[in-house]
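S.K.: Okay, here's the structure, questions in a sec.
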Amino acid sequence: MSQPIENAAPDDLTAVSEPSQGQPSTAGRRPAGAEMARVLHTTPFRMALDASGAGIAHWKHDPLHDVVEPMSHHVIMAYNGMTQHMERRSGRSVARGTFRRGAVIIIPEGSSSRWDIPKPVDVVQLYLPHATLRRVADEAVTGTVTDLLERTGHPDPITSRLLLSTVTALERNGALDNLFRHQLIDLLAMRLLAAHTGSPTTFQPIVGGLSPKVLSRAVERLRSDSDTDVSLDALASDAGLSRSHFCRAFKESTGLSPHGWLRQHRLQQAMTMLRDTDTSVAMVAAELGYASQTAFAAAFRRLSGETPSDWRRRVR
């Protein structure tokens with residue numbers, strides 16, 4: 001199974017969606033990952049892009065004194081390092097801000113500015129195509145949605161925490177990580193619509209869970225060994241719902257998000273194999289789709305409080 005966040009060279013960072021009718025043209029603009037690779041003179045520490053161009057990247061780079069050219073994505077950043085001051089210039093406009101945990105930077109699609117950041121940076125970035133933002137708005141928002149606001153070191157601990165969670169919550173398991181990332185991107189898009197547009201945003205209320213029949217089909221998909229079956233798009237389409245509506249209805253029915261349910265299911269599978277068979281820990285990890293025994297052991301310990309080997313010895 002593929003890893004959802006992995007090292008990537010600049011040539012790998014070119015995925016971008018075609019502009020749809022009513023969406024601003026992105027002609028002549030670089031995808032965000034490619035522009036960041038150009039201006040930062042490095043490759044991301046970790047990265048994952050979807051076919052739509054939406055993705056998450058973890059960068060560790062040197063001080064920056066350069067112009068970031070217009071990009072074909074909205075870029076949202078959460079800082080993961082020591083506090084430092086920085087400056088952002090757009091024409092005659094100068095914005096001074098502070099990189100710190102709990103603050104975010106937003107570069108709206110198509111904008112350009114010069115950045116002066118004096119110290120090394122550890123930052124997690126969300127690349128959000130306008131089409132993805134528009135889809136989430138169409139699914140969940142009542143009324144007209146205005147453009148994202150430009151932000152420079154703007155306090156927003158909720159968005160910052162959500163974005164930084166990708167660094168610690170991914171488990172190097174294809175199905176789990178893809179589902180987590182897709183849910184998180186939609187959740188972040190909703191947060192941006194709520195907190196970082198020029199007018200108040202009202203979300204359509206979602207009442208009730210899934211019908212027993214639809215829930216049963218969703219659970220069967222989540223139990224599948226196929227990453228295609230457990231994708232958020234497939235789950236929502238099979239239920240005849242939008243992605244955001246499906247996630248909220250599934251949680252209403254089960255008490256867990258689709259990612260949380262699958263994570264718990266994989267843990268139960270692992271425990272059964274460790275308790276009832278002599279299968280090696282490495283083979284259990286491979287059977288459940290983890291990229292390595294180390295990744296599986298770390299995920300198992302986060303949920304159970306014990307390593308797989310220690311848990312097996314105790315229950316036996």
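Chain labels A, B, ... are given in the sequence in which chains occur in the structure tokens; within each chain residues are numbered consecutively from 1, and ligands are likewise numbered from 1 in the order shown.
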Taking only C-alpha atoms into account, produce a table as JSON lines in which each residue of stretch 65-93 of chain A with an atom at most 12 Å from an atom of stretch 29-36 of chain A appears once, together with its shortest atom pair and the distance in Å to one decimal, ordered by chain and rising number.

M.R.:
```
{"residue": "A:Asp66", "atom": "CA", "partner": "A:Met36", "partner_atom": "CA", "distance": 11.0}
{"residue": "A:Val67", "atom": "CA", "partner": "A:Glu35", "partner_atom": "CA", "distance": 10.2}
{"residue": "A:Val68", "atom": "CA", "partner": "A:Glu35", "partner_atom": "CA", "distance": 7.3}
{"residue": "A:Glu69", "atom": "CA", "partner": "A:Glu35", "partner_atom": "CA", "distance": 7.2}
{"residue": "A:Pro70", "atom": "CA", "partner": "A:Arg29", "partner_atom": "CA", "distance": 5.8}
{"residue": "A:Met71", "atom": "CA", "partner": "A:Arg29", "partner_atom": "CA", "distance": 5.0}
{"residue": "A:Ser72", "atom": "CA", "partner": "A:Pro31", "partner_atom": "CA", "distance": 5.1}
{"residue": "A:His73", "atom": "CA", "partner": "A:Ala32", "partner_atom": "CA", "distance": 5.8}
{"residue": "A:His74", "atom": "CA", "partner": "A:Ala32", "partner_atom": "CA", "distance": 7.9}
{"residue": "A:Val75", "atom": "CA", "partner": "A:Ala32", "partner_atom": "CA", "distance": 7.1}
{"residue": "A:Ile76", "atom": "CA", "partner": "A:Ala32", "partner_atom": "CA", "distance": 10.5}
{"residue": "A:Met77", "atom": "CA", "partner": "A:Ala32", "partner_atom": "CA", "distance": 11.9}
```

S.K.: Export all heavy atoms of the chosen residues as an mmCIF file, in the first residue's frame?

M.R.:
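Output contents, as saved in again_5.cif:
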```
data_model
loop_
_atom_site.group_PDB
_atom_site.id
_atom_site.type_symbol
_atom_site.label_atom_id
_atom_site.label_comp_id
_atom_site.auth_asym_id
_atom_site.auth_seq_id
_atom_site.Cartn_x
_atom_site.Cartn_y
_atom_site.Cartn_z
ATOM 1 N N ASP A 66 12.754 36.086 -0.333
ATOM 2 C CA ASP A 66 12.447 35.929 -1.758
ATOM 3 C C ASP A 66 10.961 36.193 -1.991
ATOM 4 O O ASP A 66 10.176 36.300 -1.040
ATOM 5 C CB ASP A 66 12.815 34.522 -2.219
ATOM 6 C CG ASP A 66 13.125 34.448 -3.714
ATOM 7 O OD1 ASP A 66 12.757 35.392 -4.444
ATOM 8 O OD2 ASP A 66 13.709 33.440 -4.135
ATOM 9 N N VAL A 67 10.594 36.250 -3.272
ATOM 10 C CA VAL A 67 9.210 36.466 -3.677
ATOM 11 C C VAL A 67 8.557 35.129 -3.992
ATOM 12 O O VAL A 67 9.100 34.330 -4.768
ATOM 13 C CB VAL A 67 9.138 37.396 -4.901
ATOM 14 C CG1 VAL A 67 7.703 37.502 -5.405
ATOM 15 C CG2 VAL A 67 9.684 38.773 -4.554
ATOM 16 N N VAL A 68 7.414 34.886 -3.377
ATOM 17 C CA VAL A 68 6.588 33.725 -3.713
ATOM 18 C C VAL A 68 5.630 34.164 -4.811
ATOM 19 O O VAL A 68 4.818 35.069 -4.619
ATOM 20 C CB VAL A 68 5.811 33.215 -2.491
ATOM 21 C CG1 VAL A 68 4.883 32.074 -2.891
ATOM 22 C CG2 VAL A 68 6.775 32.760 -1.401
ATOM 23 N N GLU A 69 5.747 33.533 -5.980
ATOM 24 C CA GLU A 69 4.934 33.904 -7.130
ATOM 25 C C GLU A 69 3.511 33.353 -6.987
ATOM 26 O O GLU A 69 3.255 32.471 -6.171
ATOM 27 C CB GLU A 69 5.578 33.363 -8.413
ATOM 28 C CG GLU A 69 6.984 33.900 -8.683
ATOM 29 C CD GLU A 69 6.994 35.374 -9.036
ATOM 30 O OE1 GLU A 69 5.902 35.928 -9.315
ATOM 31 O OE2 GLU A 69 8.080 35.982 -9.036
ATOM 32 N N PRO A 70 2.558 33.879 -7.796
ATOM 33 C CA PRO A 70 1.164 33.384 -7.724
ATOM 34 C C PRO A 70 1.089 31.874 -7.922
ATOM 35 O O PRO A 70 1.761 31.310 -8.784
ATOM 36 C CB PRO A 70 0.473 34.139 -8.860
ATOM 37 C CG PRO A 70 1.279 35.374 -9.041
ATOM 38 C CD PRO A 70 2.703 34.974 -8.772
ATOM 39 N N MET A 71 0.261 31.221 -7.112
ATOM 40 C CA MET A 71 0.111 29.764 -7.159
ATOM 41 C C MET A 71 -1.313 29.374 -7.505
ATOM 42 O O MET A 71 -2.244 30.173 -7.370
ATOM 43 C CB MET A 71 0.517 29.167 -5.798
ATOM 44 C CG MET A 71 1.982 29.339 -5.474
ATOM 45 S SD MET A 71 2.430 28.744 -3.800
ATOM 46 C CE MET A 71 1.795 30.085 -2.785
ATOM 47 N N SER A 72 -1.487 28.150 -7.947
ATOM 48 C CA SER A 72 -2.800 27.660 -8.365
ATOM 49 C C SER A 72 -3.566 27.016 -7.218
ATOM 50 O O SER A 72 -4.541 26.306 -7.443
ATOM 51 C CB SER A 72 -2.646 26.656 -9.517
ATOM 52 O OG SER A 72 -1.841 25.565 -9.123
ATOM 53 N N HIS A 73 -3.116 27.219 -5.991
ATOM 54 C CA HIS A 73 -3.794 26.712 -4.804
ATOM 55 C C HIS A 73 -3.854 27.809 -3.751
ATOM 56 O O HIS A 73 -3.013 28.706 -3.725
ATOM 57 C CB HIS A 73 -3.031 25.540 -4.163
ATOM 58 C CG HIS A 73 -2.823 24.367 -5.042
ATOM 59 N ND1 HIS A 73 -1.876 24.328 -6.048
ATOM 60 C CD2 HIS A 73 -3.423 23.153 -5.049
ATOM 61 C CE1 HIS A 73 -1.914 23.153 -6.638
ATOM 62 N NE2 HIS A 73 -2.852 22.424 -6.057
ATOM 63 N N HIS A 74 -4.827 27.710 -2.857
ATOM 64 C CA HIS A 74 -4.741 28.420 -1.593
ATOM 65 C C HIS A 74 -3.729 27.657 -0.732
ATOM 66 O O HIS A 74 -3.733 26.424 -0.705
ATOM 67 C CB HIS A 74 -6.088 28.432 -0.874
ATOM 68 C CG HIS A 74 -7.212 28.983 -1.692
ATOM 69 N ND1 HIS A 74 -7.274 30.296 -2.101
ATOM 70 C CD2 HIS A 74 -8.333 28.389 -2.188
ATOM 71 C CE1 HIS A 74 -8.376 30.491 -2.802
ATOM 72 N NE2 HIS A 74 -9.034 29.350 -2.868
ATOM 73 N N VAL A 75 -2.869 28.380 -0.028
ATOM 74 C CA VAL A 75 -1.869 27.741 0.835
ATOM 75 C C VAL A 75 -2.092 28.202 2.264
ATOM 76 O O VAL A 75 -2.139 29.403 2.543
ATOM 77 C CB VAL A 75 -0.438 28.081 0.384
ATOM 78 C CG1 VAL A 75 0.581 27.445 1.334
ATOM 79 C CG2 VAL A 75 -0.201 27.599 -1.042
ATOM 80 N N ILE A 76 -2.242 27.243 3.168
ATOM 81 C CA ILE A 76 -2.447 27.531 4.585
ATOM 82 C C ILE A 76 -1.299 26.882 5.349
ATOM 83 O O ILE A 76 -0.978 25.705 5.119
ATOM 84 C CB ILE A 76 -3.807 26.987 5.083
ATOM 85 C CG1 ILE A 76 -4.949 27.694 4.357
ATOM 86 C CG2 ILE A 76 -3.955 27.201 6.590
ATOM 87 C CD1 ILE A 76 -5.309 27.114 3.009
ATOM 88 N N MET A 77 -0.657 27.646 6.231
ATOM 89 C CA MET A 77 0.519 27.162 6.938
ATOM 90 C C MET A 77 0.309 27.201 8.446
ATOM 91 O O MET A 77 -0.277 28.148 8.965
ATOM 92 C CB MET A 77 1.741 28.021 6.608
ATOM 93 C CG MET A 77 2.063 28.152 5.144
ATOM 94 S SD MET A 77 3.616 29.064 4.945
ATOM 95 C CE MET A 77 3.428 29.612 3.236
#
```

S.K.: For A:Gly97, work out the shell of residues within 6 Å, counting only C-alpha atoms and skipping chain neighbours fewer than 3 positions away, then give it as a count of residues only.

M.R.: 4

S.K.: Find, counting only C-alpha atoms, the residue in A:Ile158, A:Val230, A:Ala249, A:Val315 that gets nearest to A:Thr272.

M.R.: A:Val315

S.K.: To one decimal place in Å, what is the distance between atom CA of A:Glu109 and atom CA of A:Leu133?

M.R.: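 Going from atom CA of A:Glu109 over to atom CA of A:Leu133, I get 11.2 Å.
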
S.K.: Taking the backbone alone, and naming residues the way the document does, which bits of stretch 122-235 of chain A are alpha helix (DSSP H) by DSSP, as a ChimeraX atom specification?

M.R.: /A:130-140,157-169,174-195,212-222,232-235

S.K.: Got a sec: who's within 7 Å of stretch 164-181 of chain A, counting only C-alpha atoms, leaving out chain neighbours fewer than 2 positions off, as a VMD selection string?

M.R.: chain A and resid 1 to 4 78 124 160 to 162 183 to 185 227 230 to 232 259 262 to 263 289 to 291 295 299
